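Undergrad: Mind looking over this structure? Questions follow.
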Amino acid sequence: MSQPTPVCYTIHLQPDLINFRFEGRCELELTAVGPVAEVKLNILQIAVWRCRVRQQDVFTNCPFEITPEKEQLRIFLPEPMRGKIFLQIEYSGRINDQMAGFYRSSYSYRGHRQYMAVTQFEESDARRAFPCMDHPAAKAVFKISLDIDSRLTAISNAPVKTQHRLEDHKTRVIFEPTPKMSTYLVFFAVGRFVFTRDEKDERVRAVTLPGMKKFIRRALRFGRQALAFSESYYQIDYPLPKMDLIAIPDFAFGAMENWGAITFRENLLLYYPGVTSTSGEQRIFEVIAHEIAHQWFGNLVTPSDWKYLWLNESFATYFGFGVVDHYSPQWKIWSQFLYGQTGPALARDALHETVAIEIPGGEHVVINVSTAPIIYDKGGSILRQIQGYIGAADFRKGLRHYLKNFAYTTAASRDLWQSLEKVSGKPVRRMMKSWVEQPGFPLIAVRRQANRLVFTQNRFTYLPNNANQKWQVPLTMILYDGSGAVRRMTALLDTTEKVVAIDADTVAYKINDRQTGFYRVRYEDATNLAALGKRVQDKTLPAEDRWGLQNDLYALVRSGTASLDDYLKFLAYYDAENAYLPLAGIADNLFAAYLVLDKTRRKSIAAVAISILEAVLDKIGYDPAPGEKQTTAILRDQLIRHTAFMGSKPAVEFARAQFDALTAGRTIHPDIVKSVLQIAALTGGHKVFNWLTRRLQGSQVEHERMNLLTALGAFKNRELIGKAQQYVLEQVPARNKFVPVLSMAANPYAVGLLWPWYRTHIDKIEQFHPMLYERVIAAIVPVAGLDHPDEVQAFFDDDLKKTDRAADVIKMSLERLKINLQLRNSA
């Protein structure tokens, strides 16, 4: 017999914010084409008291069975039924503290601890709040009502339809029906909320806690702008009458695209003048744009299976940057996309332990620390590559075709490819299959033979591989002749080897023009690499290509096919570099090598880094300047931190003076606070530790709390590192426990203490939110395991036999450990 499909959920909840319980009733309308004898629904950690089915306007009790390990509720109907089926389920559950399902978040109000109740249903946690078919393809309409304390306010996806007072100081709030949508997008919340409408578009509202209204204006304005951009670009109106931007104190993720009720971590929505840094403001805008893009990619058109989740996240990542670039082109946001998204995606995908963009489907989605860089960052980078291949105009037309054809339904990858191919006339399906359905990416080796360039492709990994894979690679080339004239060429590398004719007077060639392609390049002609180096030095090459050259070379160093000395020697061409992107890449690569190598080799790394980066700081100034470029402000903080940890006296002296000013009650520029606090910890003692923890206890600003927690991971003193580790376990809120640990994993003085700490306190650390626990594993293992790799490997080999908890992330981290050992042993 067939399984029915949901049509409409009518959900009524009675949340109790004193005992953290809720009573619920779910009335579910289904439709069945053929006869149905039972209905299978998903549930998790809720108690079902009664199930009934309507027969001839009378509800009849149904026997039911719960299978916890399958997270399944089976309801047995009195007789086989077809057509419309109406079920009624009475149940209860817990408003948990796990930041998943229907959970509680605490905050301070008028000096007292208060609670709100909110929902987070992605990945597959709607089943924690109501019985449902918890799969993205099972779309339905949702009618939600809540009985709440009359002093509180309720929010859901749709606007309030009616509300009326009940007995015992309660109010019943009934919301309008939602559009047809997936369960993971359902949202409801109860708390002391303050609403602020945008003055130009009343659909856009900000929702904050009391006292936070004055910090929402920038986010509210940009939310309206991002909504206007999206409606214009996609040529489809936003389908709901409201779009709430909601700040949540306790939130495991960055944000969530619930349709009509988007939730955010406070530091990703609230802008605090004098506290929020330039990079923090930019990040707020990126995240808002990302979540608003989801209102079309994911909410309007939903993946038909979790394996197609990239259709949500890759597009939201891509447009998160595109919308910011549209309104703030001076920020050079696409340079930051290369640095923050494409670069990490290439590094992640160069492992054996990787996955295709189309992840395996199934009952649960598998977004985690292992897969997210592929789904979000690689996916977004591939979209940038495909737009470059078919052109911006056809890319836009193809997306409009896709969204209009599949609105309020579900889609698979092939549906997108067909739309792009139909409007562009180019073989998009064949190309995209090679990039989306298989893991990894190619290394393009290029050599010159007379007036020809010979290209070959093989899968690139840091550790040796025997892969026999091919990609449809859209090659882009910049050719320079003796006079300095530039010619651009394209070719499609669709075989293992390809030959491309070039002009005889070509003196240098750069592959992957402006780094639009998702691949690495190895130049087998040393003369050409030197010629490109000269064009780095005189800045004939664009900044994106200057970044790409050194970044590809460092990747070859990590793979063992180039030496670290080769990389350091090539960096001599960057002695006059002044652009954000190549400098940020160089700083990160040098510090990553510094962190991994032994003390003797660190000296040569530090010498090169300090030589290049101190010169940059001298030029741009250690103090932020009014009206300076966005990228300069972001770069300075990064360089001060990295150079100080590698022994730069000017950086340390500057930061110490700034910290002294801060502790004396003066303000310092928010763009350098993060590095100043870390260097204060690096060079400080108990006095600094006590100041940081006192400030943490009194701070009501999440952006400031994140900076302070990062500084807790930056101590050099072993005793204080131990105190910070204890503080993490005992004092830091669950949502932020990972922050100081990640900072310690980037602190050469703390790295050696992380593995013993993890082993000693594993029972507590494993209680972290699953995503945050994964982040801790991914940070600790690759560096903390360098001094005892056999012990670490044996520990996790044994652990993986007992549980599959964080298995993907553990395997990924162990491979990264091997890569770091390979670099240490070869340098």
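Lettering and numbering for the structure tokens are positional, with chains as A, B, ... in the shown order, residues counted from 1 in each chain, and ligands counted from 1 in the shown order.
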List every residue of range 5-233 of chain A that DSSP, applied to the backbone of this structure, places in strand (DSSP E), and write the result as a PDB file with C-alpha atoms, in the first residue's frame.
TA:
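Result file is selection-v3.pdb:
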ATOM      1  CA  THR A   5       1.114  12.791   1.360  1.00  0.00           C
ATOM      2  CA  PRO A   6       0.524  15.687   3.768  1.00  0.00           C
ATOM      3  CA  VAL A   7      -1.738  18.566   2.751  1.00  0.00           C
ATOM      4  CA  CYS A   8      -2.168  20.651   5.902  1.00  0.00           C
ATOM      5  CA  TYR A   9      -0.986  20.589   9.520  1.00  0.00           C
ATOM      6  CA  THR A  10      -3.101  22.372  12.152  1.00  0.00           C
ATOM      7  CA  ILE A  11      -0.817  22.612  15.189  1.00  0.00           C
ATOM      8  CA  HIS A  12      -1.889  23.930  18.581  1.00  0.00           C
ATOM      9  CA  LEU A  13       0.697  24.232  21.372  1.00  0.00           C
ATOM     10  CA  GLN A  14       0.596  25.238  25.027  1.00  0.00           C
ATOM     11  CA  PRO A  15       4.183  26.099  26.029  1.00  0.00           C
ATOM     12  CA  ASP A  16       5.062  26.298  29.728  1.00  0.00           C
ATOM     13  CA  ARG A  21       7.139  21.572  28.893  1.00  0.00           C
ATOM     14  CA  PHE A  22       4.538  21.875  26.179  1.00  0.00           C
ATOM     15  CA  GLU A  23       1.250  20.194  25.382  1.00  0.00           C
ATOM     16  CA  GLY A  24       0.390  19.775  21.728  1.00  0.00           C
ATOM     17  CA  ARG A  25      -2.328  18.752  19.352  1.00  0.00           C
ATOM     18  CA  CYS A  26      -1.614  18.133  15.687  1.00  0.00           C
ATOM     19  CA  GLU A  27      -4.457  17.726  13.205  1.00  0.00           C
ATOM     20  CA  LEU A  28      -3.076  16.416   9.967  1.00  0.00           C
ATOM     21  CA  GLU A  29      -4.871  16.348   6.631  1.00  0.00           C
ATOM     22  CA  LEU A  30      -3.411  13.858   4.171  1.00  0.00           C
ATOM     23  CA  THR A  31      -4.316  12.606   0.751  1.00  0.00           C
ATOM     24  CA  ALA A  32      -3.895   9.045  -0.491  1.00  0.00           C
ATOM     25  CA  VAL A  33      -4.176   7.923  -4.100  1.00  0.00           C
ATOM     26  CA  GLY A  34      -4.550   4.256  -3.190  1.00  0.00           C
ATOM     27  CA  PRO A  35      -5.774   2.486  -0.060  1.00  0.00           C
ATOM     28  CA  VAL A  36      -3.738   3.175   3.101  1.00  0.00           C
ATOM     29  CA  ALA A  37      -3.827   0.951   6.171  1.00  0.00           C
ATOM     30  CA  GLU A  38      -1.312   2.846   8.296  1.00  0.00           C
ATOM     31  CA  VAL A  39       0.379   6.238   8.421  1.00  0.00           C
ATOM     32  CA  LYS A  40       4.057   6.621   9.309  1.00  0.00           C
ATOM     33  CA  LEU A  41       5.221   9.867  10.875  1.00  0.00           C
ATOM     34  CA  ASN A  42       8.480  11.067  12.394  1.00  0.00           C
ATOM     35  CA  ILE A  46       7.788  13.623  22.404  1.00  0.00           C
ATOM     36  CA  ALA A  47       5.173  11.502  24.196  1.00  0.00           C
ATOM     37  CA  VAL A  48       2.084  10.592  22.185  1.00  0.00           C
ATOM     38  CA  TRP A  49      -1.079  10.149  24.231  1.00  0.00           C
ATOM     39  CA  ARG A  50      -3.781   9.552  21.661  1.00  0.00           C
ATOM     40  CA  CYS A  51      -4.191   9.141  17.895  1.00  0.00           C
ATOM     41  CA  ARG A  52      -7.537   9.427  16.155  1.00  0.00           C
ATOM     42  CA  VAL A  53      -8.854   9.387  12.599  1.00  0.00           C
ATOM     43  CA  ARG A  54     -12.012  11.070  11.334  1.00  0.00           C
ATOM     44  CA  GLN A  55     -14.673   8.764   9.936  1.00  0.00           C
ATOM     45  CA  VAL A  58     -16.568  11.352  14.065  1.00  0.00           C
ATOM     46  CA  PHE A  59     -13.036  10.846  15.380  1.00  0.00           C
ATOM     47  CA  THR A  60     -12.163   7.226  16.152  1.00  0.00           C
ATOM     48  CA  ASN A  61      -9.232   6.112  18.286  1.00  0.00           C
ATOM     49  CA  PHE A  64      -0.301   3.280  17.353  1.00  0.00           C
ATOM     50  CA  GLU A  65       3.281   2.165  17.786  1.00  0.00           C
ATOM     51  CA  ILE A  66       6.450   4.176  18.448  1.00  0.00           C
ATOM     52  CA  THR A  67       9.883   2.940  17.374  1.00  0.00           C
ATOM     53  CA  GLN A  72       8.902   6.775  13.896  1.00  0.00           C
ATOM     54  CA  LEU A  73       5.234   6.817  14.880  1.00  0.00           C
ATOM     55  CA  ARG A  74       3.008   4.253  13.118  1.00  0.00           C
ATOM     56  CA  ILE A  75      -0.729   4.917  13.267  1.00  0.00           C
ATOM     57  CA  PHE A  76      -2.918   1.950  12.324  1.00  0.00           C
ATOM     58  CA  LEU A  77      -6.166   2.972  10.660  1.00  0.00           C
ATOM     59  CA  PRO A  78      -9.448   1.116  11.454  1.00  0.00           C
ATOM     60  CA  GLU A  79      -9.670   0.139   7.800  1.00  0.00           C
ATOM     61  CA  PRO A  80      -7.824   0.919   4.575  1.00  0.00           C
ATOM     62  CA  MET A  81      -8.625   4.465   3.486  1.00  0.00           C
ATOM     63  CA  ARG A  82      -8.042   6.540   0.364  1.00  0.00           C
ATOM     64  CA  GLY A  83      -8.620  10.134  -0.673  1.00  0.00           C
ATOM     65  CA  LYS A  84      -8.630  12.634   2.171  1.00  0.00           C
ATOM     66  CA  ILE A  85      -7.548  11.363   5.591  1.00  0.00           C
ATOM     67  CA  PHE A  86      -7.802  13.472   8.760  1.00  0.00           C
ATOM     68  CA  LEU A  87      -5.704  12.505  11.789  1.00  0.00           C
ATOM     69  CA  GLN A  88      -5.628  14.059  15.250  1.00  0.00           C
ATOM     70  CA  ILE A  89      -2.667  13.436  17.553  1.00  0.00           C
ATOM     71  CA  GLU A  90      -2.364  14.558  21.179  1.00  0.00           C
ATOM     72  CA  TYR A  91       1.116  14.667  22.632  1.00  0.00           C
ATOM     73  CA  SER A  92       3.526  16.478  24.940  1.00  0.00           C
ATOM     74  CA  GLY A  93       7.179  17.348  24.894  1.00  0.00           C
ATOM     75  CA  ARG A  94      10.037  19.157  26.557  1.00  0.00           C
ATOM     76  CA  GLY A 101      13.668  21.412  18.042  1.00  0.00           C
ATOM     77  CA  PHE A 102      11.524  23.506  20.414  1.00  0.00           C
ATOM     78  CA  TYR A 103      14.113  24.851  22.855  1.00  0.00           C
ATOM     79  CA  ARG A 104      14.664  27.534  25.455  1.00  0.00           C
ATOM     80  CA  SER A 105      17.050  30.456  25.292  1.00  0.00           C
ATOM     81  CA  SER A 106      17.889  32.572  28.323  1.00  0.00           C
ATOM     82  CA  TYR A 107      18.501  36.304  28.651  1.00  0.00           C
ATOM     83  CA  SER A 108      18.653  38.985  31.328  1.00  0.00           C
ATOM     84  CA  TYR A 109      15.685  41.342  31.685  1.00  0.00           C
ATOM     85  CA  HIS A 112      16.452  38.798  36.262  1.00  0.00           C
ATOM     86  CA  ARG A 113      17.028  35.657  34.231  1.00  0.00           C
ATOM     87  CA  GLN A 114      14.227  35.223  31.701  1.00  0.00           C
ATOM     88  CA  TYR A 115      13.498  32.639  29.019  1.00  0.00           C
ATOM     89  CA  MET A 116      12.104  32.540  25.552  1.00  0.00           C
ATOM     90  CA  ALA A 117      11.109  29.428  23.620  1.00  0.00           C
ATOM     91  CA  VAL A 118      12.119  29.218  19.963  1.00  0.00           C
ATOM     92  CA  THR A 119      12.456  26.582  17.265  1.00  0.00           C
ATOM     93  CA  GLN A 120      15.305  25.324  15.083  1.00  0.00           C
ATOM     94  CA  VAL A 141       0.384  24.188   4.587  1.00  0.00           C
ATOM     95  CA  PHE A 142       0.786  24.934   8.300  1.00  0.00           C
ATOM     96  CA  LYS A 143      -1.859  26.507  10.551  1.00  0.00           C
ATOM     97  CA  ILE A 144      -0.298  27.288  13.914  1.00  0.00           C
ATOM     98  CA  SER A 145      -1.776  28.554  17.177  1.00  0.00           C
ATOM     99  CA  LEU A 146      -0.248  29.017  20.619  1.00  0.00           C
ATOM    100  CA  ASP A 147      -1.647  29.559  24.120  1.00  0.00           C
ATOM    101  CA  ILE A 148       0.861  31.825  25.864  1.00  0.00           C
ATOM    102  CA  ASP A 149       1.351  33.942  28.979  1.00  0.00           C
ATOM    103  CA  THR A 153       4.426  37.670  22.516  1.00  0.00           C
ATOM    104  CA  ALA A 154       4.287  34.883  19.953  1.00  0.00           C
ATOM    105  CA  ILE A 155       5.809  34.803  16.464  1.00  0.00           C
ATOM    106  CA  SER A 156       5.458  32.332  13.632  1.00  0.00           C
ATOM    107  CA  VAL A 160      -1.150  36.903  13.464  1.00  0.00           C
ATOM    108  CA  LYS A 161      -4.715  36.256  12.319  1.00  0.00           C
ATOM    109  CA  THR A 162      -6.517  36.660  15.641  1.00  0.00           C
ATOM    110  CA  GLN A 163      -5.737  36.637  19.333  1.00  0.00           C
ATOM    111  CA  HIS A 164      -8.000  36.602  22.356  1.00  0.00           C
ATOM    112  CA  ARG A 165      -7.652  36.334  26.112  1.00  0.00           C
ATOM    113  CA  LYS A 170      -3.312  33.341  28.968  1.00  0.00           C
ATOM    114  CA  THR A 171      -3.741  34.517  25.381  1.00  0.00           C
ATOM    115  CA  ARG A 172      -4.486  32.357  22.367  1.00  0.00           C
ATOM    116  CA  VAL A 173      -2.612  33.528  19.283  1.00  0.00           C
ATOM    117  CA  ILE A 174      -3.780  32.137  15.936  1.00  0.00           C
ATOM    118  CA  PHE A 175      -1.616  32.691  12.869  1.00  0.00           C
ATOM    119  CA  PHE A 188       7.301  29.590  16.261  1.00  0.00           C
ATOM    120  CA  ALA A 189       8.574  31.425  19.311  1.00  0.00           C
ATOM    121  CA  VAL A 190       7.353  32.884  22.591  1.00  0.00           C
ATOM    122  CA  GLY A 191       9.111  35.637  24.536  1.00  0.00           C
ATOM    123  CA  VAL A 194      10.145  44.103  20.558  1.00  0.00           C
ATOM    124  CA  PHE A 195       9.192  44.758  16.917  1.00  0.00           C
ATOM    125  CA  THR A 196      10.653  47.409  14.617  1.00  0.00           C
ATOM    126  CA  ARG A 197       9.252  47.896  11.120  1.00  0.00           C
ATOM    127  CA  VAL A 204      10.409  43.862   6.822  1.00  0.00           C
ATOM    128  CA  ARG A 205      10.442  43.712  10.636  1.00  0.00           C
ATOM    129  CA  ALA A 206      13.230  43.314  13.146  1.00  0.00           C
ATOM    130  CA  VAL A 207      12.512  41.344  16.318  1.00  0.00           C
ATOM    131  CA  THR A 208      14.747  41.888  19.327  1.00  0.00           C
TER     132      THR A 208
END
Undergrad: At a cut-off of 7 Å, using only C-alpha atoms, what residues contact Leu420 in chain A? Leave out same-chain residues fewer than 4 positions from it and give the result as a ChimeraX atom specification.
TA: /A:395,398,416,424,428
Undergrad: Tell me, as an MDAnalysis selection string, which residues lie within 12 Å of Ala606 in chain A, counting only C-alpha atoms; anything in the same chain fewer than 6 positions away does not count.
TA: chainID A and resid 568 587 589:595 597 599:600 612:614 642:648
Undergrad: Kindly indicate which residue among A:Asp244, A:Glu577, A:Asp565, A:Asp494 lies nearest to Asp198 in chain A, using only C-alpha atoms for the distances.
TA: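 Under the stated criterion, the closest residue is A:Asp244.
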Undergrad: Within 8 Å of Pro624 in chain A, counting only C-alpha atoms, which residues qualify if same-chain residues fewer than 6 places away don't, as a compact mmCIF listing (two decimals) with N, CA and C atoms, in the first residue's frame?
TA:
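part_12.txt, freshly written:
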# COMPACT_ATOMS: atom_id res chain seq x y z
N ALA A 633 40.99 47.70 6.62
CA ALA A 633 40.58 47.55 8.02
C ALA A 633 40.58 46.07 8.43
N HIS A 669 39.72 51.53 18.76
CA HIS A 669 38.93 51.32 17.55
C HIS A 669 38.46 49.86 17.48
N ASP A 671 37.99 47.96 15.08
CA ASP A 671 38.63 47.15 14.05
C ASP A 671 39.92 46.49 14.52
N ILE A 672 40.46 46.90 15.67
CA ILE A 672 41.68 46.27 16.18
C ILE A 672 41.47 45.60 17.54
Undergrad: Could you pull the residues within 10 Å of Arg775 in chain A, counting only C-alpha atoms, minus those fewer than 2 positions along the same chain, as a ChimeraX atom specification?
TA: /A:368-370,738-739,741-742,769-773,777-780,806,809
Undergrad: Okay, now the selection with N, CA, C and O atoms, as a short mmCIF file (atom, residue, chain, number, x, y, z; two decimals), in the first residue's frame?
TA:
data_model
loop_
_atom_site.label_atom_id
_atom_site.label_comp_id
_atom_site.auth_asym_id
_atom_site.auth_seq_id
_atom_site.Cartn_x
_atom_site.Cartn_y
_atom_site.Cartn_z
N ASN A 368 27.41 19.07 8.23
CA ASN A 368 28.26 19.10 9.41
C ASN A 368 29.56 19.81 9.04
O ASN A 368 29.69 20.35 7.95
N VAL A 369 30.50 19.79 9.95
CA VAL A 369 31.75 20.50 9.72
C VAL A 369 32.51 19.89 8.55
O VAL A 369 33.29 20.58 7.88
N SER A 370 32.26 18.63 8.26
CA SER A 370 32.90 17.97 7.13
C SER A 370 32.26 18.35 5.80
O SER A 370 32.95 18.65 4.82
N PHE A 738 32.90 26.50 21.97
CA PHE A 738 33.88 26.17 20.94
C PHE A 738 34.84 27.33 20.66
O PHE A 738 35.96 27.12 20.16
N VAL A 739 34.44 28.57 20.96
CA VAL A 739 35.21 29.74 20.52
C VAL A 739 36.61 29.77 21.11
O VAL A 739 37.61 29.88 20.38
N VAL A 741 38.31 27.33 22.30
CA VAL A 741 39.04 26.12 21.90
C VAL A 741 39.62 26.31 20.51
O VAL A 741 40.78 25.94 20.25
N LEU A 742 38.85 26.88 19.60
CA LEU A 742 39.37 27.14 18.26
C LEU A 742 40.53 28.13 18.31
O LEU A 742 41.50 28.02 17.55
N HIS A 769 26.91 20.86 21.80
CA HIS A 769 26.01 20.72 20.65
C HIS A 769 26.77 19.98 19.53
O HIS A 769 27.95 20.25 19.30
N PRO A 770 26.12 19.02 18.85
CA PRO A 770 26.84 18.20 17.86
C PRO A 770 27.67 18.99 16.85
O PRO A 770 28.83 18.64 16.58
N MET A 771 27.12 20.07 16.30
CA MET A 771 27.89 20.86 15.34
C MET A 771 29.09 21.53 16.00
O MET A 771 30.18 21.60 15.41
N LEU A 772 28.92 21.98 17.23
CA LEU A 772 30.01 22.66 17.91
C LEU A 772 31.07 21.67 18.39
O LEU A 772 32.27 21.98 18.40
N TYR A 773 30.63 20.47 18.76
CA TYR A 773 31.59 19.42 19.10
C TYR A 773 32.44 19.07 17.88
O TYR A 773 33.66 18.91 17.98
N ILE A 777 36.60 19.13 17.42
CA ILE A 777 37.40 18.01 16.90
C ILE A 777 38.23 18.47 15.71
O ILE A 777 39.44 18.19 15.61
N ALA A 778 37.60 19.17 14.77
CA ALA A 778 38.29 19.61 13.56
C ALA A 778 39.41 20.59 13.87
O ALA A 778 40.40 20.66 13.12
N ALA A 779 39.30 21.32 14.95
CA ALA A 779 40.35 22.27 15.34
C ALA A 779 41.50 21.58 16.07
O ALA A 779 42.67 21.85 15.81
N ILE A 780 41.16 20.68 16.98
CA ILE A 780 42.17 20.09 17.86
C ILE A 780 43.03 19.05 17.14
O ILE A 780 44.27 19.10 17.18
N ALA A 806 30.14 12.02 14.97
CA ALA A 806 31.15 12.88 14.32
C ALA A 806 32.14 12.08 13.48
O ALA A 806 33.27 12.53 13.26
N VAL A 809 33.77 13.89 10.51
CA VAL A 809 34.69 14.95 10.93
C VAL A 809 35.96 14.36 11.53
O VAL A 809 37.06 14.88 11.31
#
Undergrad: Near Lys510 in chain A, counting only C-alpha atoms, which residues have an atom at most 7 Å away, once you skip same-chain residues fewer than 2 positions from it, shown as number ranges by chain?
TA: A: 477-479, 508, 512-513
Undergrad: How would the residues just chosen look if you wrote them out with all heavy atoms as a PDB file, in the first residue's frame?
TA:
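Generated file (out13.pdb):
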ATOM      1  N   MET A 477      42.604  31.792 -19.834  1.00  0.00           N
ATOM      2  CA  MET A 477      44.040  32.070 -19.915  1.00  0.00           C
ATOM      3  C   MET A 477      44.285  33.554 -20.168  1.00  0.00           C
ATOM      4  O   MET A 477      43.549  34.191 -20.922  1.00  0.00           O
ATOM      5  CB  MET A 477      44.666  31.268 -21.060  1.00  0.00           C
ATOM      6  CG  MET A 477      44.625  29.768 -20.864  1.00  0.00           C
ATOM      7  SD  MET A 477      44.807  28.871 -22.440  1.00  0.00           S
ATOM      8  CE  MET A 477      43.085  28.573 -22.850  1.00  0.00           C
ATOM      9  N   ILE A 478      45.352  34.082 -19.556  1.00  0.00           N
ATOM     10  CA  ILE A 478      45.863  35.412 -19.874  1.00  0.00           C
ATOM     11  C   ILE A 478      47.235  35.207 -20.521  1.00  0.00           C
ATOM     12  O   ILE A 478      48.116  34.572 -19.930  1.00  0.00           O
ATOM     13  CB  ILE A 478      46.042  36.286 -18.624  1.00  0.00           C
ATOM     14  CG1 ILE A 478      44.864  36.165 -17.666  1.00  0.00           C
ATOM     15  CG2 ILE A 478      46.263  37.743 -19.008  1.00  0.00           C
ATOM     16  CD1 ILE A 478      45.079  36.885 -16.342  1.00  0.00           C
ATOM     17  N   LEU A 479      47.399  35.726 -21.720  1.00  0.00           N
ATOM     18  CA  LEU A 479      48.657  35.600 -22.452  1.00  0.00           C
ATOM     19  C   LEU A 479      49.289  36.975 -22.598  1.00  0.00           C
ATOM     20  O   LEU A 479      48.623  37.939 -22.987  1.00  0.00           O
ATOM     21  CB  LEU A 479      48.416  34.985 -23.829  1.00  0.00           C
ATOM     22  CG  LEU A 479      47.624  33.669 -23.868  1.00  0.00           C
ATOM     23  CD1 LEU A 479      47.424  33.208 -25.305  1.00  0.00           C
ATOM     24  CD2 LEU A 479      48.324  32.590 -23.066  1.00  0.00           C
ATOM     25  N   ALA A 508      54.617  35.019 -21.508  1.00  0.00           N
ATOM     26  CA  ALA A 508      54.142  34.513 -20.215  1.00  0.00           C
ATOM     27  C   ALA A 508      52.662  34.174 -20.341  1.00  0.00           C
ATOM     28  O   ALA A 508      51.936  34.791 -21.124  1.00  0.00           O
ATOM     29  CB  ALA A 508      54.354  35.546 -19.113  1.00  0.00           C
ATOM     30  N   ASN A 512      43.694  30.237 -15.404  1.00  0.00           N
ATOM     31  CA  ASN A 512      42.630  30.522 -14.432  1.00  0.00           C
ATOM     32  C   ASN A 512      42.556  32.032 -14.166  1.00  0.00           C
ATOM     33  O   ASN A 512      42.855  32.515 -13.067  1.00  0.00           O
ATOM     34  CB  ASN A 512      42.812  29.750 -13.126  1.00  0.00           C
ATOM     35  CG  ASN A 512      41.533  29.668 -12.309  1.00  0.00           C
ATOM     36  OD1 ASN A 512      40.468  30.114 -12.743  1.00  0.00           O
ATOM     37  ND2 ASN A 512      41.627  29.088 -11.119  1.00  0.00           N
ATOM     38  N   ASP A 513      42.136  32.737 -15.207  1.00  0.00           N
ATOM     39  CA  ASP A 513      42.028  34.193 -15.181  1.00  0.00           C
ATOM     40  C   ASP A 513      41.130  34.646 -14.037  1.00  0.00           C
ATOM     41  O   ASP A 513      39.971  34.266 -13.941  1.00  0.00           O
ATOM     42  CB  ASP A 513      41.462  34.662 -16.526  1.00  0.00           C
ATOM     43  CG  ASP A 513      41.381  36.171 -16.657  1.00  0.00           C
ATOM     44  OD1 ASP A 513      41.938  36.871 -15.811  1.00  0.00           O
ATOM     45  OD2 ASP A 513      40.745  36.636 -17.633  1.00  0.00           O
TER      46      ASP A 513
END
Undergrad: Just checking: using only C-alpha atoms, which residue out of A:Pro733, A:Gly320, A:Pro239, A:Gly713 ends up closest to Pro748 in chain A?
TA: A:Gly713
Undergrad: Taking the backbone alone, and naming residues the way the document does, which bits of range 430-625 of chain A are alpha helix (DSSP H) by DSSP, as an MDAnalysis selection string?
TA: chainID A and resid 430:436 526:537 543:559 564:570 580:596 599:620
